[in-house]
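Below is one structure, written out as structure tokens, with a few remarks after it.
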Amino acid sequence: MGESLPDVPGGDQERGAAFRRPVRTLRVKMVLLGGSGVGKSSLALRFGKDEFRSTSPTVGCAYLTRVVHLSEVTLRFEIWDTAGQEKYHSVTPLYYRGAHAALLVYDISSRESFIRAQLWLKELEKQSVPGSTLTWLVGNKGDLDQDRQVSAQEGKKLAKDRSLFFTETSALSGDQVNELMLDVAHRVYEHVGEEQGGLTEWKETLPEEMYHRDTSNPLSSCCKVGP
Amino acid sequence: MDGEGQRATVAWETGTLAPVDRLRTERADSPTPGLVEGTEPGAGGKSAMFVHAQSFEDLTAEAEEEALRGAELDKSEEDCTEELKALEEQHNNDFSSDGRAKEEDVSSEAWRSHRKHVFVLSEAGKPIYTRYGTEEALSSTMGVMMALVSFVEAEKNIIRSIHADGCKVVFLTKSPLVLVGVSRTCQSDRELLRELQYIYYQIVSLLTLTQLNHIFQHKQNYDLRRLLAGSEYLTDNLLRRLDRDPGLLLSAVTCLPLASSARDVVSSSLQAAKAKSLVFSILLAGDRLVTLVRKKDQVLHHMDLHLVFNLVGSSSSFREGEGWTPICLPKFNTAGFFHAHISYLEPASELCLILVSTDREDFFNMSDCKRRFLERLSKRSAYQTLKDALKCPSYSVAQVGIPELRHFLYKSKSSGLYTSPEFPVVYESDEEQERLMGLYQDLHSCLHHPTRPLRSFYRCSETENLLAWVTSGFELYLCFSPLATKALAVSAVNKLLKWIRKEEDRLFILSPLTY
Ligand SMILES: Nc1nc2c(ncn2[C@@H]2O[C@H](COP(=O)(O)OP(=O)(O)O)[C@@H](O)[C@H]2O)c(=O)[nH]1
Ligand SMILES: [Mg+2]
């Protein structure tokens with residue numbers, strides 16, 4: 001987690017008090033799945049910091065948080081970015097179990113990654129309670145259109161057949177990343193939030209997270225815009 | 001490793017394994033540094049942090065569960081066999097897509113002239129890892145190696161090494177893996193074997209030995225690269241460290257120089273942030289240990305700690321968010337995974353906290369431990385002292401004030417910690433540093449010779465003069481300019497030991513804590 005994360009409980013409340021009556025903060029568990037190298041960590045970094053940087057392959061799993069403000073509620077996304085490497089497969093259920101949202105990511109310039117995504121989907125369908133996890137099929141690296149191996153139609157069709165939401169993104173350019181985040185936020189809140197026990201309330205346990213002072217994230221303001 | 005057993009016997013023979021407590025009270029007044037284990041400069045106050053370890057029963061249980069789950073996964077994959085087959089073919093073509101520039105022509109002179117090759121293969125002769133080039137291009141070479149191994153094994157000899165044409169080929173058979181080192185360096189067979197052991201343990205730490213055995217019992221022909229995909233860079237990095245890091249040679253780790261009062265505050269803050277499943281809390285500054293707090297009666301082996309260092313140092317992925325990864329600490333227990341919570345204290349900081357837990361469901365608990373630690377620490381002035389210490393993580397040999405002394409390695413045996421100044425200008429380049437490391441390795445071989453170990457050793461050359469000395473308390477390697485004489489070198493030892501004694505509060509962890 002970094003300095004520019006909008007994840008500042010203290011800050012949120014101040015703002016809430018100043019501009020409107022305090023809103024509830026609900027916890028949303030989201031998991032990123034898909035083969036190695038498709039851009040899951042890059043998407044997570046975009047979600048969290050709105051940055052793009054090349055990093056080394058994820059070891060095990062990475063956890064980060066991101067706060068999204070909707071008009072009537074604040075959602076605190078707890079994002080699990082998995083490694084996608086085969087040796088970690090046996091521990092991955094830990095992360096998608098009980099997830100409210102799953103992003104199944106492939107790389108539009110790699111057919112292999114598209115097939116891998118389908119394998120992940122099988123796993124996911126087997127393990128999770130039907131309807132409890134909203135799943136997005138995400139074709140990443142949309143900027144690599146010239147090397148495209150999976151057409152948008154194919155992605156859409158798969159999503160339709162398996163009742164998934166679909167989008168293409170680019171973590172590199174940031175294209176559609178915010179839109180995806182907001183879409184997830186709205187849908188999760190609508191579909192899961194209303195159910196009894198769907199989303200639990202986030203209670204901050206600490207007086208102050210001193211290493212998350214910086215509130216100047218452009219995302220936090222842009223995402224405040226409601227539906 | 002072998003060294004330990006041997007060291008223990010040396011201590012016994014000389015009959016100096018006196019109760020540490022008594023010796024410690026004497027040590028403070030003694031102007032001559034104790035040469036006995038437990039009284040040497042840098043020796044820890046309480047029990048040492050690194051020793052051989054016992055294991056957790058629940059860890060073993062978990063490993064069995066893990067193996068079962070792995071088996072289930074295998075089954076589920078059979079459902080999608082056609083897709084997978086197509087996929088695998090493709091996969092084989094882009095194994096190197098993980099960013100390793102390995103597309104080297106394996107028939108080229110350049111490939112052949114690498115100083116040290118390392119190959120890992122399965123007992124069925126399937127390639128698993130090569131340091132240079134790709135495994136596919138080398139599968140026939142690996143086949144030949146395996147043929148050699150099995151030929152000699154059939155004759156009830158275990159093949160150990162072949163020497164030919166300025167090249168040494170060393171074999172390490174660790175069922176179900178076979179490791180082969182091909183070296184043009186003048187390292188001894190034992191040194192090369194030690195390095196192969198590290199590589200073996202690196203692989204075990206990713207998979208556990210239980211899982212490895214399970215896999216190959218079920219499918220002799222299994223292509224292990226599938227499971228190691230995306231982690232080759234860890235082995236690459238470990239090999240680089242083996243060439244450069246004195247800690248791996250000395251079986252020891254080094255500390256961030258820090259005033260002991262500040263270190264004690266950091267340690268006690270870490271000690272206070274405990275949890276039931278927590279076994280080790282490790283705070284690192286780059287490759288240097290700031291402190292290590294462990295569960296009472298649990299000790300970490302230096303090799304396991306180096307594997308943790310390698311994991312953290314090789315990956316930038318922990319910089320984003322909090323990492324949570326299964327890791328097997330093979331010297332602790334080859335059968336099970338621990339779960340490590342890895343995070344940096346602050347976004348751009350060098351300070352990395354590793355919390356090793358036995359419970360894979362305990363992420364949020366570990367996350368909370370980190371928060372509590374940081375909350376406590378940031379209220380104390382010691383935190384600023386620590387941050388200031390990061391600005392000078394090393395010291396210059398000039399501070400010691402010994403003429404002609406260029407560099408040294410000093411290891412306190414009872415604490416498993418070593419200290420060493422930064423490299424002077426003469427050894428600024430990577431090649432020179434590796435050459436010096438090579439010289440230290442030679443000395444190390446002489447001191448640890450299996451049948452004729454030397455207690456001290458002096459060697460002159462045109463470029464430098466070297467002195468090595470081992471007692472039951474410490475190991476010392478000194479590098480002088482070629483102008484130094486033997487008499488000067490010998491007199492330098494005492495001076496250096498006194499200096500280290502004077503600085504030991506800062507350079508070592510004298511009071512390790514447990515929770
Ligand atoms: N061109 C392009 N490259 C990307 C994009 N997202 C990620 N990458 C690159 O793809 C590689 C793998 O990304 P990473 O996020 O580590 O993938 P992960 O293994 O799924 O987490 C890295 O070199 C990234 O820089 C994208 O949207 N476009
Ligand atoms: Mg990743």
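Just so we're on the same page: first chain in the structure tokens is A, next is B, and so on; residues restart at 1 for each chain, and ligands are numbered from 1 in the order they show up.
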| task | Return as a count of residues only the residues belonging to chain A that are within 8 Å of chain B, counting only C-alpha atoms. | result | 27
Using DSSP on the backbone coordinates, identify all residues within range 19-60 of chain A classified as strand (DSSP E); present the result as an mmCIF file with C-alpha atoms, in the first residue's frame.
data_model
loop_
_atom_site.group_PDB
_atom_site.id
_atom_site.type_symbol
_atom_site.label_atom_id
_atom_site.label_comp_id
_atom_site.auth_asym_id
_atom_site.auth_seq_id
_atom_site.Cartn_x
_atom_site.Cartn_y
_atom_site.Cartn_z
ATOM 1 C CA THR A 25 -18.129 1.977 4.885
ATOM 2 C CA LEU A 26 -18.659 -1.577 3.709
ATOM 3 C CA ARG A 27 -15.995 -4.143 3.035
ATOM 4 C CA VAL A 28 -15.804 -5.767 -0.377
ATOM 5 C CA LYS A 29 -13.548 -8.714 -1.040
ATOM 6 C CA MET A 30 -12.269 -8.821 -4.590
ATOM 7 C CA VAL A 31 -9.876 -11.307 -6.131
ATOM 8 C CA LEU A 32 -7.795 -11.074 -9.297
ATOM 9 C CA LEU A 33 -7.348 -14.387 -11.077
#
| field | Contacts with ligand 1 at most 7 Å, only C-alpha atoms and all ligand atoms counted, listed as a PyMOL selection string | value | chain A and resi 34-43+53-58+83-84+140-144+169-173
| request: Give me the residues within 8 Å of Thr385 in chain B as a list in words, counting only C-alpha atoms and dropping any in the same chain fewer than 3 places off. | output: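 Those residues are Leu258, Ala262, Ser381, Ala382, Asp388 and Ala389 of chain B.
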Store the residues picked out above in a file with N, CA and C atoms, as a tab-separated table (two decimals), in the first residue's frame.
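What follows is the written file again-v4.tsv:
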chain	number	residue	atom	x	y	z
B	258	LEU	N	23.90	-0.39	14.13
B	258	LEU	CA	22.88	0.40	14.81
B	258	LEU	C	23.20	0.42	16.30
B	262	ALA	N	18.98	1.60	20.39
B	262	ALA	CA	17.93	1.70	19.38
B	262	ALA	C	17.49	0.31	18.93
B	381	SER	N	11.90	7.45	19.71
B	381	SER	CA	12.95	8.13	18.96
B	381	SER	C	13.86	7.12	18.26
B	382	ALA	N	13.81	5.88	18.72
B	382	ALA	CA	14.63	4.84	18.10
B	382	ALA	C	14.31	4.68	16.61
B	388	ASP	N	18.07	6.90	10.37
B	388	ASP	CA	19.37	7.55	10.14
B	388	ASP	C	20.44	6.50	9.85
B	389	ALA	N	20.35	5.38	10.56
B	389	ALA	CA	21.35	4.32	10.38
B	389	ALA	C	21.30	3.75	8.97
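For the set A:Ala101, A:Ala44, A:Leu158, A:Val150, the residue with the smallest atom-to-atom gap to ligand 2 is A:Ala44, counting only C-alpha atoms and all ligand atoms.
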| said: To test your reading of the structure, identify every residue in range 6-178 of chain A that backbone DSSP assigns to alpha helix (DSSP H), and report it as a PyMOL selection string. | reply: chain A and resi 9-19+40-49+93-96+111-127+152-161+177-178
| field | Close residues, Trp202 in chain A itself excluded, 12 Å, only C-alpha atoms, min 3 positions apart in chain, as a ChimeraX atom specification | value | /A:9,23-29,67,73-78,199,205-206
| task | Find the residues around Leu417 in chain B up to 7 Å (only C-alpha atoms counted), leave out those fewer than 4 positions away in its own chain, and share them as a list in words. | result |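 Here the qualifying residues turn out to be Ala252, Val253, Thr254, Lys411, Ser412 and Phe508 of chain B.
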| Polymer residues at most 8 Å from range 160-168 of chain A, only C-alpha atoms, same-chain spacing of 4 or more positions, as a ChimeraX atom specification | /A:134-142,152,155-156,176,180
If you count only C-alpha atoms, which residues fall within 12 Å of Glu432 in chain B, apart from same-chain ones fewer than 6 positions away, as a short mmCIF file (atom, residue, chain, number, x, y, z; two decimals) with N, CA, C and O atoms, in the first residue's frame?
data_model
loop_
_atom_site.label_atom_id
_atom_site.label_comp_id
_atom_site.auth_asym_id
_atom_site.auth_seq_id
_atom_site.Cartn_x
_atom_site.Cartn_y
_atom_site.Cartn_z
N ASP B 243 28.00 -16.13 -5.57
CA ASP B 243 29.27 -15.60 -6.06
C ASP B 243 29.72 -14.35 -5.30
O ASP B 243 30.88 -13.98 -5.35
N ARG B 244 28.79 -13.68 -4.63
CA ARG B 244 29.11 -12.35 -4.14
C ARG B 244 28.88 -12.14 -2.65
O ARG B 244 29.43 -11.22 -2.07
N PHE B 423 33.62 -2.61 0.46
CA PHE B 423 34.79 -2.88 -0.37
C PHE B 423 35.53 -1.58 -0.65
O PHE B 423 34.91 -0.56 -0.96
N PRO B 424 36.87 -1.58 -0.53
CA PRO B 424 37.62 -0.36 -0.84
C PRO B 424 37.71 -0.16 -2.36
O PRO B 424 37.31 -1.03 -3.13
N VAL B 425 38.23 0.96 -2.74
CA VAL B 425 38.26 1.35 -4.16
C VAL B 425 38.91 0.28 -5.04
O VAL B 425 38.45 0.03 -6.16
N VAL B 426 39.95 -0.37 -4.52
CA VAL B 426 40.65 -1.39 -5.32
C VAL B 426 39.68 -2.48 -5.78
O VAL B 426 39.88 -3.09 -6.82
N GLY B 438 36.30 -15.06 -4.44
CA GLY B 438 36.91 -16.33 -4.84
C GLY B 438 38.10 -16.67 -3.94
O GLY B 438 38.27 -17.81 -3.52
N LEU B 439 38.91 -15.64 -3.62
CA LEU B 439 40.06 -15.87 -2.74
C LEU B 439 39.59 -16.28 -1.34
O LEU B 439 40.14 -17.20 -0.73
N THR B 463 48.83 -9.39 -6.04
CA THR B 463 47.75 -8.41 -5.89
C THR B 463 47.32 -8.16 -4.46
O THR B 463 46.86 -7.08 -4.12
N GLU B 464 47.43 -9.17 -3.60
CA GLU B 464 47.09 -8.97 -2.20
C GLU B 464 47.68 -10.09 -1.35
O GLU B 464 48.04 -11.14 -1.86
#
| note | One decimal place gives the CA of Leu507 in chain B-CA of Pro257 in chain B separation as 4.8 Å
| said: So, with only C-alpha atoms as the atoms that count, which of B:Val180, B:Leu305, B:Ala484, B:Cys352 lies closest to His117 in chain B? | reply: B:Val180
